[in-house]
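Engineer: To be precise about what I am sending: the file is called my_file_34.pdb and holds PDB, C-alpha atoms.
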ATOM      1  CA  MET I   1    -132.414 114.447 -55.393  1.00  0.00           C
ATOM      2  CA  ALA I   2    -129.258 116.582 -55.460  1.00  0.00           C
ATOM      3  CA  LEU I   3    -127.506 117.645 -52.294  1.00  0.00           C
ATOM      4  CA  GLY I   4    -126.187 121.163 -51.810  1.00  0.00           C
ATOM      5  CA  VAL I   5    -122.891 122.283 -50.348  1.00  0.00           C
ATOM      6  CA  PRO I   6    -122.895 121.875 -46.543  1.00  0.00           C
ATOM      7  CA  THR I   7    -122.536 124.925 -44.303  1.00  0.00           C
ATOM      8  CA  PRO I   8    -120.641 124.068 -41.116  1.00  0.00           C
ATOM      9  CA  ILE I   9    -121.844 125.629 -37.849  1.00  0.00           C
ATOM     10  CA  LEU I  10    -118.938 126.412 -35.526  1.00  0.00           C
ATOM     11  CA  ARG I  11    -119.266 127.375 -31.879  1.00  0.00           C
ATOM     12  CA  SER I  12    -118.134 130.838 -30.837  1.00  0.00           C
ATOM     13  CA  PHE I  13    -117.925 132.498 -27.431  1.00  0.00           C
ATOM     14  CA  ASP I  14    -116.735 136.075 -27.865  1.00  0.00           C
ATOM     15  CA  GLU I  15    -118.339 138.244 -30.543  1.00  0.00           C
ATOM     16  CA  ALA I  16    -115.545 140.818 -30.767  1.00  0.00           C
ATOM     17  CA  ARG I  17    -112.732 138.247 -30.947  1.00  0.00           C
ATOM     18  CA  THR I  18    -114.661 136.075 -33.407  1.00  0.00           C
ATOM     19  CA  LYS I  19    -115.353 139.002 -35.744  1.00  0.00           C
ATOM     20  CA  ALA I  20    -111.763 140.256 -35.542  1.00  0.00           C
ATOM     21  CA  PHE I  21    -110.433 136.778 -36.335  1.00  0.00           C
ATOM     22  CA  TYR I  22    -112.750 135.820 -39.181  1.00  0.00           C
ATOM     23  CA  LEU I  23    -113.441 139.221 -40.756  1.00  0.00           C
ATOM     24  CA  ASP I  24    -110.267 141.241 -40.151  1.00  0.00           C
ATOM     25  CA  PHE I  25    -107.664 138.479 -40.095  1.00  0.00           C
ATOM     26  CA  LEU I  26    -108.954 135.710 -42.380  1.00  0.00           C
ATOM     27  CA  GLY I  27    -110.760 138.070 -44.767  1.00  0.00           C
ATOM     28  CA  PHE I  28    -114.287 136.676 -44.585  1.00  0.00           C
ATOM     29  CA  GLU I  29    -117.240 139.014 -45.121  1.00  0.00           C
ATOM     30  CA  LEU I  30    -120.269 139.208 -42.859  1.00  0.00           C
ATOM     31  CA  MET I  31    -123.434 137.921 -44.563  1.00  0.00           C
ATOM     32  CA  PHE I  32    -125.875 138.275 -41.664  1.00  0.00           C
ATOM     33  CA  GLU I  33    -126.252 138.526 -37.895  1.00  0.00           C
ATOM     34  CA  HIS I  34    -129.240 137.209 -35.964  1.00  0.00           C
ATOM     35  CA  ARG I  35    -130.370 137.442 -32.346  1.00  0.00           C
ATOM     36  CA  PHE I  36    -133.790 136.312 -31.141  1.00  0.00           C
ATOM     37  CA  GLU I  37    -133.905 139.409 -28.935  1.00  0.00           C
ATOM     38  CA  PRO I  38    -131.478 142.053 -27.633  1.00  0.00           C
ATOM     39  CA  GLY I  39    -128.828 140.453 -25.450  1.00  0.00           C
ATOM     40  CA  ALA I  40    -129.468 136.973 -26.867  1.00  0.00           C
ATOM     41  CA  PRO I  41    -126.587 134.896 -28.239  1.00  0.00           C
ATOM     42  CA  LEU I  42    -125.315 135.826 -31.686  1.00  0.00           C
ATOM     43  CA  TYR I  43    -125.757 133.611 -34.743  1.00  0.00           C
ATOM     44  CA  MET I  44    -123.988 134.895 -37.832  1.00  0.00           C
ATOM     45  CA  GLY I  45    -123.071 133.831 -41.337  1.00  0.00           C
ATOM     46  CA  ILE I  46    -119.795 134.647 -43.046  1.00  0.00           C
ATOM     47  CA  ARG I  47    -118.389 134.006 -46.516  1.00  0.00           C
ATOM     48  CA  LYS I  48    -115.097 134.064 -48.373  1.00  0.00           C
ATOM     49  CA  ASP I  49    -115.362 133.138 -52.028  1.00  0.00           C
ATOM     50  CA  ALA I  50    -117.313 129.844 -52.184  1.00  0.00           C
ATOM     51  CA  CYS I  51    -116.799 129.033 -48.472  1.00  0.00           C
ATOM     52  CA  MET I  52    -119.712 129.777 -46.142  1.00  0.00           C
ATOM     53  CA  LEU I  53    -119.592 129.248 -42.377  1.00  0.00           C
ATOM     54  CA  HIS I  54    -122.103 129.895 -39.629  1.00  0.00           C
ATOM     55  CA  LEU I  55    -120.823 130.874 -36.178  1.00  0.00           C
ATOM     56  CA  SER I  56    -123.061 130.476 -33.148  1.00  0.00           C
ATOM     57  CA  GLU I  57    -122.928 131.440 -29.482  1.00  0.00           C
ATOM     58  CA  HIS I  58    -125.974 129.212 -28.786  1.00  0.00           C
ATOM     59  CA  TYR I  59    -125.573 126.179 -26.522  1.00  0.00           C
ATOM     60  CA  GLY I  60    -125.780 123.016 -28.595  1.00  0.00           C
ATOM     61  CA  ASP I  61    -124.648 124.622 -31.855  1.00  0.00           C
ATOM     62  CA  GLY I  62    -121.300 123.153 -32.738  1.00  0.00           C
ATOM     63  CA  THR I  63    -118.692 121.745 -30.411  1.00  0.00           C
ATOM     64  CA  PRO I  64    -115.523 123.679 -29.563  1.00  0.00           C
ATOM     65  CA  GLY I  65    -112.575 121.925 -31.127  1.00  0.00           C
ATOM     66  CA  SER I  66    -114.399 120.968 -34.318  1.00  0.00           C
ATOM     67  CA  GLY I  67    -112.421 120.931 -37.542  1.00  0.00           C
ATOM     68  CA  VAL I  68    -113.199 122.207 -41.024  1.00  0.00           C
ATOM     69  CA  ARG I  69    -111.132 121.811 -44.218  1.00  0.00           C
ATOM     70  CA  ILE I  70    -111.286 124.803 -46.567  1.00  0.00           C
ATOM     71  CA  ALA I  71    -109.817 124.686 -50.071  1.00  0.00           C
ATOM     72  CA  VAL I  72    -107.890 127.748 -51.282  1.00  0.00           C
ATOM     73  CA  ASP I  73    -106.289 128.354 -54.664  1.00  0.00           C
ATOM     74  CA  ASP I  74    -102.809 129.026 -53.254  1.00  0.00           C
ATOM     75  CA  VAL I  75    -102.319 128.105 -49.602  1.00  0.00           C
ATOM     76  CA  VAL I  76     -98.690 129.273 -49.697  1.00  0.00           C
ATOM     77  CA  ALA I  77     -99.701 132.807 -50.714  1.00  0.00           C
ATOM     78  CA  TYR I  78    -102.660 132.805 -48.281  1.00  0.00           C
ATOM     79  CA  ALA I  79    -100.416 131.765 -45.364  1.00  0.00           C
ATOM     80  CA  ALA I  80     -97.878 134.466 -46.275  1.00  0.00           C
ATOM     81  CA  ALA I  81    -100.624 137.121 -46.447  1.00  0.00           C
ATOM     82  CA  LEU I  82    -101.935 136.063 -43.023  1.00  0.00           C
ATOM     83  CA  ARG I  83     -98.461 136.124 -41.448  1.00  0.00           C
ATOM     84  CA  ALA I  84     -97.920 139.636 -42.859  1.00  0.00           C
ATOM     85  CA  LYS I  85    -100.979 140.841 -40.914  1.00  0.00           C
ATOM     86  CA  ASN I  86     -99.137 140.060 -37.646  1.00  0.00           C
ATOM     87  CA  PHE I  87    -102.465 139.225 -35.975  1.00  0.00           C
ATOM     88  CA  GLY I  88    -102.014 138.669 -32.246  1.00  0.00           C
ATOM     89  CA  SER I  89    -101.068 135.104 -31.417  1.00  0.00           C
ATOM     90  CA  SER I  90    -102.257 133.659 -34.737  1.00  0.00           C
ATOM     91  CA  ARG I  91     -99.285 133.340 -37.076  1.00  0.00           C
ATOM     92  CA  PRO I  92     -99.678 130.420 -39.475  1.00  0.00           C
ATOM     93  CA  HIS I  93     -96.663 128.250 -40.143  1.00  0.00           C
ATOM     94  CA  GLU I  94     -95.424 127.408 -43.626  1.00  0.00           C
ATOM     95  CA  PRO I  95     -97.824 125.012 -45.366  1.00  0.00           C
ATOM     96  CA  GLN I  96     -96.893 121.371 -44.885  1.00  0.00           C
ATOM     97  CA  ALA I  97     -97.161 118.689 -47.592  1.00  0.00           C
ATOM     98  CA  GLN I  98     -99.427 115.832 -46.543  1.00  0.00           C
ATOM     99  CA  GLU I  99     -99.260 112.250 -47.788  1.00  0.00           C
ATOM    100  CA  TRP I 100    -102.791 112.578 -49.187  1.00  0.00           C
ATOM    101  CA  GLY I 101    -101.588 115.103 -51.766  1.00  0.00           C
ATOM    102  CA  ALA I 102    -102.302 118.497 -50.220  1.00  0.00           C
ATOM    103  CA  LEU I 103    -100.388 121.430 -48.765  1.00  0.00           C
ATOM    104  CA  GLU I 104    -102.019 122.507 -45.492  1.00  0.00           C
ATOM    105  CA  ILE I 105    -101.965 125.051 -42.698  1.00  0.00           C
ATOM    106  CA  VAL I 106    -104.032 124.592 -39.546  1.00  0.00           C
ATOM    107  CA  ILE I 107    -105.219 127.710 -37.736  1.00  0.00           C
ATOM    108  CA  PRO I 108    -107.235 127.487 -34.497  1.00  0.00           C
ATOM    109  CA  ASP I 109    -109.942 130.115 -34.065  1.00  0.00           C
ATOM    110  CA  PRO I 110    -110.595 131.942 -30.746  1.00  0.00           C
ATOM    111  CA  SER I 111    -113.053 129.193 -29.691  1.00  0.00           C
ATOM    112  CA  GLY I 112    -110.659 126.320 -30.343  1.00  0.00           C
ATOM    113  CA  ASN I 113    -112.088 125.222 -33.708  1.00  0.00           C
ATOM    114  CA  ARG I 114    -109.434 124.018 -36.181  1.00  0.00           C
ATOM    115  CA  LEU I 115    -109.515 125.545 -39.644  1.00  0.00           C
ATOM    116  CA  THR I 116    -107.398 123.629 -42.149  1.00  0.00           C
ATOM    117  CA  PHE I 117    -106.725 125.645 -45.282  1.00  0.00           C
ATOM    118  CA  TYR I 118    -105.342 123.542 -48.106  1.00  0.00           C
ATOM    119  CA  SER I 119    -104.394 123.406 -51.774  1.00  0.00           C
ATOM    120  CA  GLU I 120    -104.114 120.188 -53.730  1.00  0.00           C
ATOM    121  CA  LEU I 121    -100.601 119.426 -54.939  1.00  0.00           C
ATOM    122  CA  ALA I 122    -100.322 119.476 -58.729  1.00  0.00           C
ATOM    123  CA  ASP I 123     -99.143 115.882 -58.970  1.00  0.00           C
ATOM    124  CA  GLY I 124    -101.595 114.667 -56.309  1.00  0.00           C
ATOM    125  CA  ALA I 125     -98.870 113.315 -54.044  1.00  0.00           C
ATOM    126  CA  ALA I 126     -96.865 114.664 -51.146  1.00  0.00           C
ATOM    127  CA  ARG I 127     -93.402 115.924 -51.863  1.00  0.00           C
TER     128      ARG I 127
END
Spell out the structure here as structure tokens.

Structural biologist:
Amino acid sequence: MALGVPTPILRSFDEARTKAFYLDFLGFELMFEHRFEPGAPLYMGIRKDACMLHLSEHYGDGTPGSGVRIAVDDVVAYAAALRAKNFGSSRPHEPQAQEWGALEIVIPDPSGNRLTFYSELADGAAR
């Protein structure tokens, strides 16, 4: 039996801030929104390229402070594009080389989840 690609569920608390962060700032697109009834907590799916995430305001779905690693083709260019947006208090630093052979930036979302965007180094080792 083959396994599919996992879809992380991250906790969210503020619909407007979450949408602004993920859709406007990071460039994800909204796939769906679901509420069991009007006024119920929001559960939504977003996507950017091959990365899919679910964001939930429901108790028990995800734990604030969770971390997700997301591969990008060019983390240096992605970080520069994000910094150019001048988005509130979220201004990613320059990507850092890690001893496990990746360049990374870590960006916390409005609910305290840590998103690590990374690109593998060509030689597979830190510089």

Engineer: Nearest residue to Pro110 (chain I) out of I:Pro6, I:Gly27, I:Pro41, I:Pro64, using all atoms listed in the file?

Structural biologist: I:Pro64

Engineer: Counting all atoms listed in the file, what is within 8 Å of His34 (chain I), bar same-chain residues fewer than 6 positions away, as a PDB file with C-alpha atoms, in the coordinates of the input?

Structural biologist:
ATOM      1  CA  LEU I  42    -125.315 135.826 -31.686  1.00  0.00           C
ATOM      2  CA  TYR I  43    -125.757 133.611 -34.743  1.00  0.00           C
ATOM      3  CA  MET I  44    -123.988 134.895 -37.832  1.00  0.00           C
TER       4      MET I  44
END

Engineer: Taking the file as shown, find all residues satisfying the PyMOL selection byres ((chain I and resi 30) around 9) and write them as number ranges by chain.

Structural biologist: I: 19, 23, 28-29, 31-33, 44-47

Engineer: Emit the selected residues as a PDB file, in the coordinates of the input, including C-alpha atoms.

Structural biologist:
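Once written, selection.pdb looks like this:
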ATOM      1  CA  LYS I  19    -115.353 139.002 -35.744  1.00  0.00           C
ATOM      2  CA  LEU I  23    -113.441 139.221 -40.756  1.00  0.00           C
ATOM      3  CA  PHE I  28    -114.287 136.676 -44.585  1.00  0.00           C
ATOM      4  CA  GLU I  29    -117.240 139.014 -45.121  1.00  0.00           C
ATOM      5  CA  MET I  31    -123.434 137.921 -44.563  1.00  0.00           C
ATOM      6  CA  PHE I  32    -125.875 138.275 -41.664  1.00  0.00           C
ATOM      7  CA  GLU I  33    -126.252 138.526 -37.895  1.00  0.00           C
ATOM      8  CA  MET I  44    -123.988 134.895 -37.832  1.00  0.00           C
ATOM      9  CA  GLY I  45    -123.071 133.831 -41.337  1.00  0.00           C
ATOM     10  CA  ILE I  46    -119.795 134.647 -43.046  1.00  0.00           C
ATOM     11  CA  ARG I  47    -118.389 134.006 -46.516  1.00  0.00           C
TER      12      ARG I  47
END

Engineer: Which residue out of I:Ser119, I:Ser89, I:Asn113, I:Ser12 has the minimum interatomic distance to Ser66 (chain I) when all atoms listed in the file are used?

Structural biologist: I:Asn113

Engineer: If I take CA of Lys48 (chain I) and CA of Phe117 (chain I), how far is one from the other in Å, to one decimal?

Structural biologist: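 Taking CA of Lys48 (chain I) as the start and CA of Phe117 (chain I) as the end point, the length is 12.3 Å.
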
Engineer: Which one of I:Ile105, I:Ala50, I:Ala20, I:Leu115 sits closest to Ala77 (chain I) if you count only C-alpha atoms?

Structural biologist: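 Comparing I:Ile105, I:Ala50, I:Ala20, I:Leu115 against Ala77 (chain I), the winner is I:Ile105.
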
Engineer: Identify which of the residues I:Ala71, I:Ile107, I:Ala80, I:Ala102 lies closest to Glu120 (chain I), counting only C-alpha atoms when measuring atom-to-atom distances.

Structural biologist: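 Of I:Ala71, I:Ile107, I:Ala80, I:Ala102, the one nearest Glu120 (chain I), counting only C-alpha atoms, is I:Ala102.
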
Engineer: What lies within 12 Å of Ala84 (chain I) using all atoms listed in the file, ignoring chain neighbours under 6 positions off, as an MDAnalysis selection string?

Structural biologist: chainID I and resid 25:26 77:78 90:93

Engineer: Which neighbours of Glu104 (chain I) fall inside 7 Å, counting all atoms listed in the file, when residues of the same chain fewer than 6 positions from it are skipped, and could you give them as JSON, numbers by chain?

Structural biologist: {"I": [75, 95, 96, 97, 116, 117, 118, 119]}

Engineer: Can you measure CA of Glu37 (chain I) to CA of Met52 (chain I) for me? One decimal in Å is fine.

Structural biologist: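 Here the two named atoms are 24.3 Å from each other.
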
Engineer: What does the structure give for the distance between CA of Asp123 (chain I) and CA of Pro108 (chain I), in Å to one decimal?

Structural biologist: 28.3 Å

Engineer: Go through I:Glu94, I:Asp14, I:Asp74, I:Asp24 one by one, measure the shortest atom-to-atom distance of each to Ala122 (chain I) using all atoms listed in the file, and give the residue with the smallest value.

Structural biologist: I:Asp74

Engineer: Kindly indicate which residue among I:Leu82, I:Leu103, I:Leu10, I:Ala16 lies nearest to Gly60 (chain I), using only C-alpha atoms for the distances.

Structural biologist: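 The closest residue to Gly60 (chain I) is I:Leu10.
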
Engineer: Could you extract region 73-95 of chain I of the given structure into a file holding N, CA, C and O atoms, as a PDB file, in the first residue's frame?

Structural biologist:
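Final file, selection_13.pdb:
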ATOM      1  N   ASP I  73      12.054  26.081  -4.348  1.00  0.00           N
ATOM      2  CA  ASP I  73      13.133  25.992  -5.332  1.00  0.00           C
ATOM      3  C   ASP I  73      14.310  26.904  -4.984  1.00  0.00           C
ATOM      4  O   ASP I  73      15.464  26.503  -5.099  1.00  0.00           O
ATOM      5  N   ASP I  74      14.013  28.130  -4.585  1.00  0.00           N
ATOM      6  CA  ASP I  74      15.067  29.118  -4.319  1.00  0.00           C
ATOM      7  C   ASP I  74      14.684  29.929  -3.086  1.00  0.00           C
ATOM      8  O   ASP I  74      14.000  30.949  -3.187  1.00  0.00           O
ATOM      9  N   VAL I  75      15.117  29.477  -1.924  1.00  0.00           N
ATOM     10  CA  VAL I  75      14.741  30.133  -0.673  1.00  0.00           C
ATOM     11  C   VAL I  75      15.317  31.543  -0.578  1.00  0.00           C
ATOM     12  O   VAL I  75      14.718  32.418   0.050  1.00  0.00           O
ATOM     13  N   VAL I  76      16.444  31.803  -1.228  1.00  0.00           N
ATOM     14  CA  VAL I  76      17.027  33.139  -1.208  1.00  0.00           C
ATOM     15  C   VAL I  76      16.097  34.115  -1.929  1.00  0.00           C
ATOM     16  O   VAL I  76      15.778  35.192  -1.407  1.00  0.00           O
ATOM     17  N   ALA I  77      15.636  33.744  -3.113  1.00  0.00           N
ATOM     18  CA  ALA I  77      14.721  34.604  -3.871  1.00  0.00           C
ATOM     19  C   ALA I  77      13.374  34.735  -3.161  1.00  0.00           C
ATOM     20  O   ALA I  77      12.782  35.820  -3.130  1.00  0.00           O
ATOM     21  N   TYR I  78      12.878  33.636  -2.566  1.00  0.00           N
ATOM     22  CA  TYR I  78      11.593  33.690  -1.856  1.00  0.00           C
ATOM     23  C   TYR I  78      11.685  34.633  -0.658  1.00  0.00           C
ATOM     24  O   TYR I  78      10.798  35.460  -0.438  1.00  0.00           O
ATOM     25  N   ALA I  79      12.772  34.540   0.106  1.00  0.00           N
ATOM     26  CA  ALA I  79      12.953  35.426   1.269  1.00  0.00           C
ATOM     27  C   ALA I  79      13.023  36.882   0.824  1.00  0.00           C
ATOM     28  O   ALA I  79      12.428  37.763   1.459  1.00  0.00           O
ATOM     29  N   ALA I  80      13.736  37.156  -0.263  1.00  0.00           N
ATOM     30  CA  ALA I  80      13.846  38.527  -0.768  1.00  0.00           C
ATOM     31  C   ALA I  80      12.478  39.054  -1.209  1.00  0.00           C
ATOM     32  O   ALA I  80      12.129  40.211  -0.927  1.00  0.00           O
ATOM     33  N   ALA I  81      11.691  38.219  -1.878  1.00  0.00           N
ATOM     34  CA  ALA I  81      10.354  38.629  -2.322  1.00  0.00           C
ATOM     35  C   ALA I  81       9.451  38.915  -1.127  1.00  0.00           C
ATOM     36  O   ALA I  81       8.670  39.878  -1.142  1.00  0.00           O
ATOM     37  N   LEU I  82       9.565  38.123  -0.068  1.00  0.00           N
ATOM     38  CA  LEU I  82       8.753  38.358   1.131  1.00  0.00           C
ATOM     39  C   LEU I  82       9.172  39.646   1.830  1.00  0.00           C
ATOM     40  O   LEU I  82       8.325  40.432   2.262  1.00  0.00           O
ATOM     41  N   ARG I  83      10.471  39.877   1.953  1.00  0.00           N
ATOM     42  CA  ARG I  83      10.947  41.118   2.590  1.00  0.00           C
ATOM     43  C   ARG I  83      10.475  42.336   1.808  1.00  0.00           C
ATOM     44  O   ARG I  83      10.128  43.362   2.391  1.00  0.00           O
ATOM     45  N   ALA I  84      10.439  42.250   0.492  1.00  0.00           N
ATOM     46  CA  ALA I  84      10.006  43.373  -0.351  1.00  0.00           C
ATOM     47  C   ALA I  84       8.538  43.725  -0.132  1.00  0.00           C
ATOM     48  O   ALA I  84       8.130  44.854  -0.379  1.00  0.00           O
ATOM     49  N   LYS I  85       7.753  42.787   0.369  1.00  0.00           N
ATOM     50  CA  LYS I  85       6.331  43.058   0.640  1.00  0.00           C
ATOM     51  C   LYS I  85       6.150  43.929   1.871  1.00  0.00           C
ATOM     52  O   LYS I  85       5.075  44.478   2.087  1.00  0.00           O
ATOM     53  N   ASN I  86       7.192  44.012   2.742  1.00  0.00           N
ATOM     54  CA  ASN I  86       7.123  44.857   3.929  1.00  0.00           C
ATOM     55  C   ASN I  86       5.842  44.590   4.720  1.00  0.00           C
ATOM     56  O   ASN I  86       5.069  45.489   5.016  1.00  0.00           O
ATOM     57  N   PHE I  87       5.623  43.320   5.062  1.00  0.00           N
ATOM     58  CA  PHE I  87       4.387  42.854   5.679  1.00  0.00           C
ATOM     59  C   PHE I  87       4.457  42.935   7.199  1.00  0.00           C
ATOM     60  O   PHE I  87       4.989  42.052   7.862  1.00  0.00           O
ATOM     61  N   GLY I  88       3.914  43.989   7.758  1.00  0.00           N
ATOM     62  CA  GLY I  88       3.814  44.128   9.210  1.00  0.00           C
ATOM     63  C   GLY I  88       5.094  43.775   9.933  1.00  0.00           C
ATOM     64  O   GLY I  88       6.165  44.268   9.607  1.00  0.00           O
ATOM     65  N   SER I  89       4.984  42.895  10.909  1.00  0.00           N
ATOM     66  CA  SER I  89       6.145  42.532  11.722  1.00  0.00           C
ATOM     67  C   SER I  89       6.858  41.285  11.199  1.00  0.00           C
ATOM     68  O   SER I  89       7.771  40.787  11.842  1.00  0.00           O
ATOM     69  N   SER I  90       6.435  40.778  10.046  1.00  0.00           N
ATOM     70  CA  SER I  90       7.043  39.563   9.508  1.00  0.00           C
ATOM     71  C   SER I  90       7.999  39.916   8.376  1.00  0.00           C
ATOM     72  O   SER I  90       7.595  40.137   7.243  1.00  0.00           O
ATOM     73  N   ARG I  91       9.281  39.998   8.722  1.00  0.00           N
ATOM     74  CA  ARG I  91      10.318  40.295   7.734  1.00  0.00           C
ATOM     75  C   ARG I  91      11.397  39.223   7.849  1.00  0.00           C
ATOM     76  O   ARG I  91      12.254  39.300   8.730  1.00  0.00           O
ATOM     77  N   PRO I  92      11.355  38.239   6.976  1.00  0.00           N
ATOM     78  CA  PRO I  92      12.311  37.129   7.077  1.00  0.00           C
ATOM     79  C   PRO I  92      13.759  37.592   6.967  1.00  0.00           C
ATOM     80  O   PRO I  92      14.073  38.510   6.217  1.00  0.00           O
ATOM     81  N   HIS I  93      14.604  36.945   7.727  1.00  0.00           N
ATOM     82  CA  HIS I  93      16.038  37.218   7.670  1.00  0.00           C
ATOM     83  C   HIS I  93      16.625  36.561   6.418  1.00  0.00           C
ATOM     84  O   HIS I  93      15.938  35.843   5.695  1.00  0.00           O
ATOM     85  N   GLU I  94      17.896  36.783   6.186  1.00  0.00           N
ATOM     86  CA  GLU I  94      18.591  36.098   5.100  1.00  0.00           C
ATOM     87  C   GLU I  94      18.618  34.600   5.428  1.00  0.00           C
ATOM     88  O   GLU I  94      18.786  34.221   6.586  1.00  0.00           O
ATOM     89  N   PRO I  95      18.443  33.754   4.432  1.00  0.00           N
ATOM     90  CA  PRO I  95      18.513  32.309   4.689  1.00  0.00           C
ATOM     91  C   PRO I  95      19.858  31.915   5.305  1.00  0.00           C
ATOM     92  O   PRO I  95      20.900  32.478   4.959  1.00  0.00           O
TER      93      PRO I  95
END
